[in-house]
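Engineer: Take this structure, written in structure tokens, and hold onto it; I'll ask about it next.
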Protein chains: 2
Amino acid sequence: MASEPDTKTASDNVAQSPTGDAYLLTPGPLTTSLTVKQAMLHDYGSRDVNFIDLNRRVCEQLLDIADAREGYACVPVQGSGTFAVEAMLATMLPPQGKLLNLVNGAYGHRISEICRYLGRQCLVHESGEELPLDPDVVEEALAAGTDITHVSVVYCETTSGILNPLAQIAEVVARHGRALLIDAMSAFGALPLSAKDISFDALAASSSKCLQGVPGMGFCLIREDALAQTAGNAHSLSLDLYQQAQTMSKVGQWRFTPPVHCLLALAQALEELDEEGGVAARGRRYNDNCQILKKGMRALGFTTLLPDELQAPIIVTFHMPAHPEFEFQQFYDRLSMKGYIIYPGKITRADTFRIGCIGDLGAEQMQCFIAAVKQTLGEMGIEKLTS
Amino acid sequence: MASEPDTKTASDNVAQSPTGDAYLLTPGPLTTSLTVKQAMLHDYGSRDVNFIDLNRRVCEQLLDIADAREGYACVPVQGSGTFAVEAMLATMLPPQGKLLNLVNGAYGHRISEICRYLGRQCLVHESGEELPLDPDVVEEALAAGTDITHVSVVYCETTSGILNPLAQIAEVVARHGRALLIDAMSAFGALPLSAKDISFDALAASSSKCLQGVPGMGFCLIREDALAQTAGNAHSLSLDLYQQAQTMSKVGQWRFTPPVHCLLALAQALEELDEEGGVAARGRRYNDNCQILKKGMRALGFTTLLPDELQAPIIVTFHMPAHPEFEFQQFYDRLSMKGYIIYPGKITRADTFRIGCIGDLGAEQMQCFIAAVKQTLGEMGIEKLTS
């Protein structure tokens with residue numbers, strides 16, 4: 001019989017982050033480095049030359065991450081990742097445009113919902129939440145739908161944690177002469193995404209997630225010749241990336257007050273990405289984190305929703321164990337007391353929970369987390385889970 | 001003849017903020033306290049109970065500032081103040097609504113621009129940038145325009161720094177049974193605004209400005225019975241405050257990733273507002289700052305755009321001096337080197353510049369600033385300005 005958490009037991013295996021906060025094993029907001037947070041201990045005037053310089057450097061670095069310095073503009077926008085995705089769709093889709101939206105999770109559905117708000121035509125092709133999007137289906141849809149102007153895809157769908165075959169889809173879309181819009185939220189900065197390999201008109205990502213800044217702004221990388229055609233498309237003054245890009249290019253400033261401290265943190269986070277060895281190195285660390293997580297959890301009897309070949313090294317979905325003593329809220333609370341915040345599931349057809357492996361976390365934290373899970377199961381009176 | 005700035009001379013009268021940053025004498029972003037910035041040295045999970053509690057406390061405190069705990073909802077939204085104003089207009093104005101927009105500056109014009117994006121009817125009544133809005137004109141407009149459903153007003157127009165007669169306008173709007181929407185951006189937290197005295201359906205403000213948090217989020221205080229009628233009004237998923245309020249009230253969470261660190265800073269800033277003595281005490285400090293600024297600048301020969309009775313204690317517009325040696329960019333740069341960032345003018349009909357008196361600044365900083373201005377004029381070879 002599981003007992004109530006007591007502080008004495010919970011004090012074993014308690015995580016020690018530099019700021020005393022719990023580690024965030026979630027899809028975001030994430031654990032950031034102390035130095036990223038310390039970069040926010042300043043106040044900058046947003047129209048002053050120092051801030052304008054910092055903003056320009058950040059935009060150039062974001063373009064460099066996608067090998068997109070030539071021919072693309074980086075257009076930042078205030079708000080969360082969803083704000084950036086909505087701004088991308090609103091700016092890129094003309095009133096007479098038609099979107100083919102490829103969906104295998106909640107973030108794909110969110111794109112459809114945005115199109116409803118925008119009043120833009122949106123044809124949805126949906127695979128199951130546990131299946132990757134199929135380039136052959138895209139091929140057929142584009143051959144049949146000659147009125148489709150744009151295709152949207154979520155690179156890593158954190159609903160399940162699945163990795164979608166972006167390069168193959170991009171190849172089909174380009175061959176058919178349509179424009180690709182990428183929700184790269186939980187991928188940009190850690191998974192390969194080069195404008196040299198992948199043809200896209202726009203992608204949206206955020207300051208948080210794999211870049212390991214703090215939340216508060218997103219950005220879109222937009223092909224300049226496509227951007228030039230978007231005047232008047234957007235439904236919203238705040239989210240009009242054409243106007244934002246015009247002001248940026250003329251005076252180097254945001255149109256409306258930028259989240260200055262978020263930008264200071266992002267500038268530091270981009271330095272730290274560079275110091276780590278760039279996207280490839282960060283992807284390797286996340287992959288190592290993911291391997292430790294999957295191996296450790298499986299050894300304790302947990303099972304993953306996805307087979308390894310479909311799993312992105314970002315967030316892992318686990319089936320809720322059937323063991324009679326396993327109660328998720330207690331599992332969550334006990335891990336929280338030990339300094340680890342995990343995440344509920346989002347899959348519609350199965351009872352699951354999720355554990356992230358991104359942010360300022362390495363092998364040591366992941367191994368300690370597995371030890372904390374083991375201890376938690378013991379506290380709950382569970383000797384061994386069997387699936 | 002003015003010489004180029006040289007570091008030796010500029011090292012006198014250099015401001016010393018606790019973080020070594022220049023003081024921001026602007027309409028925002030502003031100088032915040034070190035403790036507000038230090039509150040951001042943490043990472044919180046946005047769906048975790050600790051963050052939900054913090055968010056609830058912040059919303060309650062924001063409602064309390066306007067005596068609006070009863071009958072009003074606080075609905076936060078990511079982004080700058082303009083995002084909050086657009087979200088307020090989009091959510092509150094139904095498709096068949098008609099707005100009377102009272103304009104005496106750039107922020108009033110911005111409301112009209114948002115209405116164009118929204119496709120909402122907007123009747124503009126404009127006074128000059130140097131004149132306060134006239135309640136009698138509102139009276140006439142509402143008597144004549146029986147189809148007008150809403151009236152919008154900017155409380156403090158930082159274009160000039162003018163204080164609009166909010167209470168008198170609100171009285172007229174209420175008497176005609178129309179709904180008032182207030183842009184309270186550069187006022188909320190320092191100028192009187194009580195739901196007990198002023199009848200309004202919604203106001204928009206931000207984490208920055210007079211609350212002295214960092215930029216990155218806005219919020220609207222919305223009368224609950226009006227909010228209940230707004231389902232389906234908004235043009236944008238991200239800016240739909242009806243949906244945001246629904247989720248907030250059901251689970252206490254933002255729909256999309258909140259700017260967590262901005263909220264941590266705001267929570268601390270609200271504590272500091274309370275410690276200072278609340279809105280009245282903050283208003284007094286800003287007023288003292290404003291008096292020091294006007295008196296000191298006038299003693300040096302500068303003249304203000306506005307007569308004292310129209311001036312809000314937020315930001316002061318000064319005429320550009322006619323002296324042949326006065327060159328604004330040099331004046332700006334020299335003050336910047338001394339640790340003070342000032343602001344260009346925004347008035348269309350006159351050549352002006354602006355100096356703010358809000359943020360974490362007191363009499364000492366304002367007096368040192370006046371000394372720095374005096375020294376700067378000397379460096380520029382100007383003995384005495386005469387207007």
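Identifiers for the structure tokens are assigned positionally: chains receive A, B, ... in sequence, residues are indexed from 1 per chain, and ligands are indexed from 1 in the order shown.
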Could you tell me which residues of chain A sit within 7 Å of chain B when counting only C-alpha atoms, and give me the result as number ranges by chain?
Structural biologist: A: 19, 21, 24, 29, 31, 37-38, 40-43, 45-46, 78-80, 82-83, 114, 117-118, 215-216, 235-238, 256-260
Engineer: Skip Pro76 of chain B itself and residues of its chain fewer than 5 positions away, then list as a ChimeraX atom specification all residues within 7 Å of it, counting only C-alpha atoms.
Structural biologist: /B:218-220
Engineer: Since we have the selection now, will you write its residues out, keeping C-alpha atoms, as an mmCIF file, in the first residue's frame?
Structural biologist:
```cif
data_model
loop_
_atom_site.group_PDB
_atom_site.id
_atom_site.type_symbol
_atom_site.label_atom_id
_atom_site.label_comp_id
_atom_site.auth_asym_id
_atom_site.auth_seq_id
_atom_site.Cartn_x
_atom_site.Cartn_y
_atom_site.Cartn_z
ATOM 1 C CA GLY B 218 0.304 42.548 -21.133
ATOM 2 C CA PHE B 219 -3.001 41.996 -19.436
ATOM 3 C CA CYS B 220 -6.566 43.152 -19.667
#
```
Engineer: Taking the backbone alone, and naming residues the way the document does, which bits of segment 69-250 of chain A are alpha helix (DSSP H) by DSSP, as an NGL selection string?
Structural biologist: :A and (81-92 or 106-118 or 135-144 or 166-175 or 224-227 or 241-250)
Engineer: Excluding Val251 of chain B and its own-chain neighbours fewer than 6 positions away, which residues fall within 12 Å of it when counting only C-alpha atoms? Please give them as a compact mmCIF listing (two decimals) with N, CA, C and O atoms, in the first residue's frame.
Structural biologist:
```txt
# COMPACT_ATOMS: atom_id res chain seq x y z
N SER B 46 5.58 25.71 -16.34
CA SER B 46 4.41 26.59 -16.47
C SER B 46 3.10 25.87 -16.15
O SER B 46 2.07 26.51 -16.00
N ARG B 47 3.14 24.54 -16.09
CA ARG B 47 1.91 23.81 -15.72
C ARG B 47 2.01 23.28 -14.29
O ARG B 47 1.15 22.54 -13.83
N ASP B 48 3.07 23.66 -13.58
CA ASP B 48 3.27 23.17 -12.22
C ASP B 48 2.52 24.06 -11.23
O ASP B 48 2.28 25.24 -11.46
N VAL B 49 2.17 23.46 -10.10
CA VAL B 49 1.32 24.14 -9.12
C VAL B 49 1.95 25.43 -8.59
O VAL B 49 1.25 26.41 -8.33
N PHE B 51 3.83 27.57 -10.20
CA PHE B 51 3.63 28.65 -11.17
C PHE B 51 2.16 29.05 -11.24
O PHE B 51 1.84 30.24 -11.35
N ILE B 52 1.28 28.07 -11.17
CA ILE B 52 -0.16 28.38 -11.19
C ILE B 52 -0.52 29.28 -10.01
O ILE B 52 -1.27 30.26 -10.16
N ASP B 53 0.03 29.00 -8.85
CA ASP B 53 -0.21 29.84 -7.67
C ASP B 53 0.31 31.26 -7.88
O ASP B 53 -0.36 32.23 -7.56
N ASN B 55 0.86 32.81 -10.67
CA ASN B 55 0.05 33.47 -11.70
C ASN B 55 -1.27 33.99 -11.11
O ASN B 55 -1.70 35.11 -11.40
N ARG B 56 -1.89 33.18 -10.27
CA ARG B 56 -3.16 33.57 -9.63
C ARG B 56 -2.94 34.79 -8.73
O ARG B 56 -3.70 35.76 -8.76
N GLN B 244 -8.62 32.55 -23.65
CA GLN B 244 -7.58 32.62 -22.62
C GLN B 244 -8.22 32.64 -21.23
O GLN B 244 -7.78 31.93 -20.31
N ALA B 245 -9.28 33.44 -21.08
CA ALA B 245 -9.96 33.54 -19.78
C ALA B 245 -10.63 32.22 -19.40
O ALA B 245 -10.62 31.82 -18.23
```
Engineer: Separation of atom CA of Val103 of chain B and atom CA of Ser199 of chain B, in Å?
Structural biologist: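 For atom CA of Val103 of chain B relative to atom CA of Ser199 of chain B, the distance reads 19.7 Å.
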Engineer: Mind checking which residues fall within 12 Å of Ile358 of chain A, counting only C-alpha atoms, ignoring those fewer than 6 positions away in the same chain, and posting them as number ranges by chain?
Structural biologist: A: 23-32, 158, 161, 186-191, 208-213, 282-290, 293, 312-316, 365-366
Engineer: Would you mind exporting the chosen residues as a PDB file, in the first residue's frame, restricted to C-alpha atoms?
Structural biologist:
```pdb
ATOM      1  CA  TYR A  23      14.730  20.231 -13.235  1.00  0.00           C
ATOM      2  CA  LEU A  24      12.091  20.608 -15.923  1.00  0.00           C
ATOM      3  CA  LEU A  25      11.766  17.348 -17.873  1.00  0.00           C
ATOM      4  CA  THR A  26       8.976  18.793 -19.988  1.00  0.00           C
ATOM      5  CA  PRO A  27       8.442  20.082 -23.545  1.00  0.00           C
ATOM      6  CA  GLY A  28       9.089  23.590 -22.138  1.00  0.00           C
ATOM      7  CA  PRO A  29       9.597  25.950 -20.448  1.00  0.00           C
ATOM      8  CA  LEU A  30      12.887  24.195 -19.740  1.00  0.00           C
ATOM      9  CA  THR A  31      15.817  24.303 -17.409  1.00  0.00           C
ATOM     10  CA  THR A  32      18.202  26.986 -18.635  1.00  0.00           C
ATOM     11  CA  THR A 158       5.750  16.671 -29.004  1.00  0.00           C
ATOM     12  CA  GLY A 161       7.546  12.896 -29.372  1.00  0.00           C
ATOM     13  CA  SER A 186      10.811  21.527 -30.696  1.00  0.00           C
ATOM     14  CA  ALA A 187      13.615  20.907 -33.158  1.00  0.00           C
ATOM     15  CA  PHE A 188      15.366  24.150 -34.116  1.00  0.00           C
ATOM     16  CA  GLY A 189      18.854  24.191 -32.657  1.00  0.00           C
ATOM     17  CA  ALA A 190      19.149  20.452 -32.040  1.00  0.00           C
ATOM     18  CA  LEU A 191      17.839  18.584 -35.097  1.00  0.00           C
ATOM     19  CA  SER A 208      13.028  28.594 -25.544  1.00  0.00           C
ATOM     20  CA  LYS A 209      13.097  24.868 -26.442  1.00  0.00           C
ATOM     21  CA  CYS A 210      16.288  23.536 -28.003  1.00  0.00           C
ATOM     22  CA  LEU A 211      17.932  26.975 -28.092  1.00  0.00           C
ATOM     23  CA  GLN A 212      17.760  26.965 -24.275  1.00  0.00           C
ATOM     24  CA  GLY A 213      16.793  30.598 -23.882  1.00  0.00           C
ATOM     25  CA  ARG A 282      23.498  19.672 -28.951  1.00  0.00           C
ATOM     26  CA  GLY A 283      21.627  16.977 -30.858  1.00  0.00           C
ATOM     27  CA  ARG A 284      24.135  14.386 -29.616  1.00  0.00           C
ATOM     28  CA  ARG A 285      23.695  15.464 -25.986  1.00  0.00           C
ATOM     29  CA  TYR A 286      19.911  15.297 -26.292  1.00  0.00           C
ATOM     30  CA  ASN A 287      20.233  11.906 -27.952  1.00  0.00           C
ATOM     31  CA  ASP A 288      22.448  10.659 -25.103  1.00  0.00           C
ATOM     32  CA  ASN A 289      19.902  12.015 -22.596  1.00  0.00           C
ATOM     33  CA  CYS A 290      17.146  10.216 -24.476  1.00  0.00           C
ATOM     34  CA  LEU A 293      16.040   7.900 -20.172  1.00  0.00           C
ATOM     35  CA  ALA A 312      12.897  12.200 -31.652  1.00  0.00           C
ATOM     36  CA  PRO A 313      15.447  12.903 -28.886  1.00  0.00           C
ATOM     37  CA  ILE A 314      13.245  15.638 -27.421  1.00  0.00           C
ATOM     38  CA  ILE A 315      10.481  14.138 -25.301  1.00  0.00           C
ATOM     39  CA  VAL A 316       9.508  10.515 -24.696  1.00  0.00           C
ATOM     40  CA  GLN A 365      20.976  14.662 -14.352  1.00  0.00           C
ATOM     41  CA  MET A 366      19.298  11.959 -16.415  1.00  0.00           C
TER      42      MET A 366
END
```
Engineer: Identify, on the basis of only C-alpha atoms, every residue whose closest approach to segment 166-172 of chain B does not exceed 7 Å; exclude the query and any residue fewer than 4 positions from it along the same chain; express the result as number ranges by chain.
Structural biologist: B: 135, 139, 155, 176, 180, 198-199
Engineer: Restricting it to N, CA, C and O atoms, dump the selection as a short mmCIF file (atom, residue, chain, number, x, y, z; two decimals), in the first residue's frame.
Structural biologist:
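So the final result, stored in result_15.cif, reads:
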```cif
data_model
loop_
_atom_site.label_atom_id
_atom_site.label_comp_id
_atom_site.auth_asym_id
_atom_site.auth_seq_id
_atom_site.Cartn_x
_atom_site.Cartn_y
_atom_site.Cartn_z
N PRO B 135 -14.49 65.96 -23.17
CA PRO B 135 -15.69 65.18 -22.85
C PRO B 135 -16.95 65.71 -23.55
O PRO B 135 -17.84 64.93 -23.88
N GLU B 139 -19.68 63.68 -25.70
CA GLU B 139 -21.12 63.83 -25.46
C GLU B 139 -21.88 63.99 -26.79
O GLU B 139 -22.84 63.26 -27.06
N TYR B 155 -5.32 56.73 -21.79
CA TYR B 155 -5.31 57.50 -20.53
C TYR B 155 -4.17 58.52 -20.55
O TYR B 155 -4.39 59.72 -20.47
N HIS B 176 -24.37 57.40 -21.45
CA HIS B 176 -24.97 57.03 -22.74
C HIS B 176 -25.09 55.51 -22.90
O HIS B 176 -25.49 55.04 -23.96
N LEU B 180 -16.76 51.33 -22.35
CA LEU B 180 -15.47 52.04 -22.44
C LEU B 180 -14.32 51.05 -22.44
O LEU B 180 -14.25 50.14 -21.61
N ILE B 198 -14.68 54.70 -11.89
CA ILE B 198 -14.70 54.78 -13.35
C ILE B 198 -15.35 53.52 -13.90
O ILE B 198 -14.92 52.41 -13.60
N SER B 199 -16.36 53.72 -14.72
CA SER B 199 -17.05 52.57 -15.31
C SER B 199 -16.36 52.20 -16.62
O SER B 199 -16.27 53.02 -17.54
#
```
Engineer: Leaving out Gln96 of chain B and any residue of its chain fewer than 4 positions from it, which residues lie within 12 Å of it when counting only C-alpha atoms, given as a count of residues only?
Structural biologist: 11
Engineer: Would you work out the distance separating atom CA of Ala281 of chain B from atom CA of Asp360 of chain B, expressed in Å to one decimal?
Structural biologist: 13.2 Å
Engineer: Measure the distance from atom CA of Gly339 of chain A to atom CA of Leu270 of chain A in Å and round it to one decimal.
Structural biologist: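 The value is 26.5 Å.
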Engineer: Do a neighbour search on Ala371 of chain A at 12 Å with only C-alpha atoms, toss out local chain neighbours closer than 5 positions, and write the hits as a list in words.
Structural biologist: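 Close residues of Ala371 of chain A: Asp12, Asn13, Val14, Ala15, Ile292, Leu293, Gly296, Met297, Ala299, Leu300, Leu335, Lys338, Tyr340, Glu364, Gln365, Met366, Thr376, Leu377 and Gly378 of chain A.
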Engineer: Selection from above, N, CA, C and O atoms, as a PDB file, in the first residue's frame, can you write it?
Structural biologist:
```
ATOM      1  N   ASP A  12      16.182  12.001   0.140  1.00  0.00           N
ATOM      2  CA  ASP A  12      17.180  11.238  -0.624  1.00  0.00           C
ATOM      3  C   ASP A  12      16.977  11.553  -2.105  1.00  0.00           C
ATOM      4  O   ASP A  12      15.866  11.793  -2.550  1.00  0.00           O
ATOM      5  N   ASN A  13      18.064  11.456  -2.849  1.00  0.00           N
ATOM      6  CA  ASN A  13      17.963  11.621  -4.299  1.00  0.00           C
ATOM      7  C   ASN A  13      17.320  12.933  -4.736  1.00  0.00           C
ATOM      8  O   ASN A  13      16.662  13.003  -5.766  1.00  0.00           O
ATOM      9  N   VAL A  14      17.454  13.973  -3.930  1.00  0.00           N
ATOM     10  CA  VAL A  14      16.889  15.271  -4.316  1.00  0.00           C
ATOM     11  C   VAL A  14      17.864  15.983  -5.240  1.00  0.00           C
ATOM     12  O   VAL A  14      19.054  16.067  -4.961  1.00  0.00           O
ATOM     13  N   ALA A  15      17.335  16.467  -6.367  1.00  0.00           N
ATOM     14  CA  ALA A  15      18.188  17.113  -7.361  1.00  0.00           C
ATOM     15  C   ALA A  15      18.660  18.467  -6.867  1.00  0.00           C
ATOM     16  O   ALA A  15      17.951  19.155  -6.155  1.00  0.00           O
ATOM     17  N   ILE A 292      19.642   7.352 -22.194  1.00  0.00           N
ATOM     18  CA  ILE A 292      19.688   7.066 -20.752  1.00  0.00           C
ATOM     19  C   ILE A 292      18.275   6.960 -20.200  1.00  0.00           C
ATOM     20  O   ILE A 292      17.951   6.064 -19.418  1.00  0.00           O
ATOM     21  N   LEU A 293      17.426   7.874 -20.642  1.00  0.00           N
ATOM     22  CA  LEU A 293      16.040   7.900 -20.172  1.00  0.00           C
ATOM     23  C   LEU A 293      15.299   6.622 -20.567  1.00  0.00           C
ATOM     24  O   LEU A 293      14.677   5.957 -19.729  1.00  0.00           O
ATOM     25  N   GLY A 296      16.883   3.448 -18.902  1.00  0.00           N
ATOM     26  CA  GLY A 296      16.629   3.427 -17.458  1.00  0.00           C
ATOM     27  C   GLY A 296      15.174   3.133 -17.146  1.00  0.00           C
ATOM     28  O   GLY A 296      14.861   2.338 -16.248  1.00  0.00           O
ATOM     29  N   MET A 297      14.282   3.763 -17.866  1.00  0.00           N
ATOM     30  CA  MET A 297      12.849   3.581 -17.608  1.00  0.00           C
ATOM     31  C   MET A 297      12.418   2.164 -17.998  1.00  0.00           C
ATOM     32  O   MET A 297      11.611   1.530 -17.303  1.00  0.00           O
ATOM     33  N   ALA A 299      14.297  -0.463 -17.955  1.00  0.00           N
ATOM     34  CA  ALA A 299      14.830  -1.384 -16.947  1.00  0.00           C
ATOM     35  C   ALA A 299      13.926  -1.448 -15.725  1.00  0.00           C
ATOM     36  O   ALA A 299      13.875  -2.459 -15.016  1.00  0.00           O
ATOM     37  N   LEU A 300      13.194  -0.343 -15.485  1.00  0.00           N
ATOM     38  CA  LEU A 300      12.260  -0.303 -14.353  1.00  0.00           C
ATOM     39  C   LEU A 300      10.880  -0.854 -14.729  1.00  0.00           C
ATOM     40  O   LEU A 300       9.984  -0.906 -13.886  1.00  0.00           O
ATOM     41  N   LEU A 335       8.111  12.830  -7.526  1.00  0.00           N
ATOM     42  CA  LEU A 335       9.251  13.258  -8.345  1.00  0.00           C
ATOM     43  C   LEU A 335       9.457  14.763  -8.216  1.00  0.00           C
ATOM     44  O   LEU A 335      10.596  15.251  -8.183  1.00  0.00           O
ATOM     45  N   LYS A 338      11.337  15.585  -5.288  1.00  0.00           N
ATOM     46  CA  LYS A 338      12.752  15.221  -5.470  1.00  0.00           C
ATOM     47  C   LYS A 338      13.462  16.156  -6.449  1.00  0.00           C
ATOM     48  O   LYS A 338      14.643  15.984  -6.741  1.00  0.00           O
ATOM     49  N   TYR A 340      12.236  17.043  -9.744  1.00  0.00           N
ATOM     50  CA  TYR A 340      12.052  16.758 -11.172  1.00  0.00           C
ATOM     51  C   TYR A 340      10.583  16.967 -11.551  1.00  0.00           C
ATOM     52  O   TYR A 340       9.700  16.323 -10.980  1.00  0.00           O
ATOM     53  N   GLU A 364      24.477  13.183 -16.227  1.00  0.00           N
ATOM     54  CA  GLU A 364      24.419  13.090 -14.768  1.00  0.00           C
ATOM     55  C   GLU A 364      22.991  13.310 -14.276  1.00  0.00           C
ATOM     56  O   GLU A 364      22.476  12.550 -13.446  1.00  0.00           O
ATOM     57  N   GLN A 365      22.344  14.363 -14.787  1.00  0.00           N
ATOM     58  CA  GLN A 365      20.976  14.662 -14.352  1.00  0.00           C
ATOM     59  C   GLN A 365      20.016  13.544 -14.759  1.00  0.00           C
ATOM     60  O   GLN A 365      19.106  13.201 -13.998  1.00  0.00           O
ATOM     61  N   MET A 366      20.219  13.002 -15.957  1.00  0.00           N
ATOM     62  CA  MET A 366      19.298  11.959 -16.415  1.00  0.00           C
ATOM     63  C   MET A 366      19.471  10.689 -15.567  1.00  0.00           C
ATOM     64  O   MET A 366      18.487  10.019 -15.225  1.00  0.00           O
ATOM     65  N   THR A 376      11.147   6.398  -6.130  1.00  0.00           N
ATOM     66  CA  THR A 376       9.725   6.762  -6.052  1.00  0.00           C
ATOM     67  C   THR A 376       8.840   5.514  -6.146  1.00  0.00           C
ATOM     68  O   THR A 376       7.866   5.366  -5.389  1.00  0.00           O
ATOM     69  N   LEU A 377       9.194   4.630  -7.071  1.00  0.00           N
ATOM     70  CA  LEU A 377       8.410   3.387  -7.194  1.00  0.00           C
ATOM     71  C   LEU A 377       8.464   2.620  -5.874  1.00  0.00           C
ATOM     72  O   LEU A 377       7.448   2.093  -5.403  1.00  0.00           O
ATOM     73  N   GLY A 378       9.653   2.559  -5.270  1.00  0.00           N
ATOM     74  CA  GLY A 378       9.800   1.890  -3.973  1.00  0.00           C
ATOM     75  C   GLY A 378       8.893   2.509  -2.920  1.00  0.00           C
ATOM     76  O   GLY A 378       8.187   1.803  -2.184  1.00  0.00           O
TER      77      GLY A 378
END
```
Engineer: Smallest atom-to-atom distance to Leu100 of chain B: which of B:Ala68, B:Leu62, B:Leu203, B:Ala143, using only C-alpha atoms?
Structural biologist: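 Ranking B:Ala68, B:Leu62, B:Leu203, B:Ala143 by distance to Leu100 of chain B, first place goes to B:Ala143.
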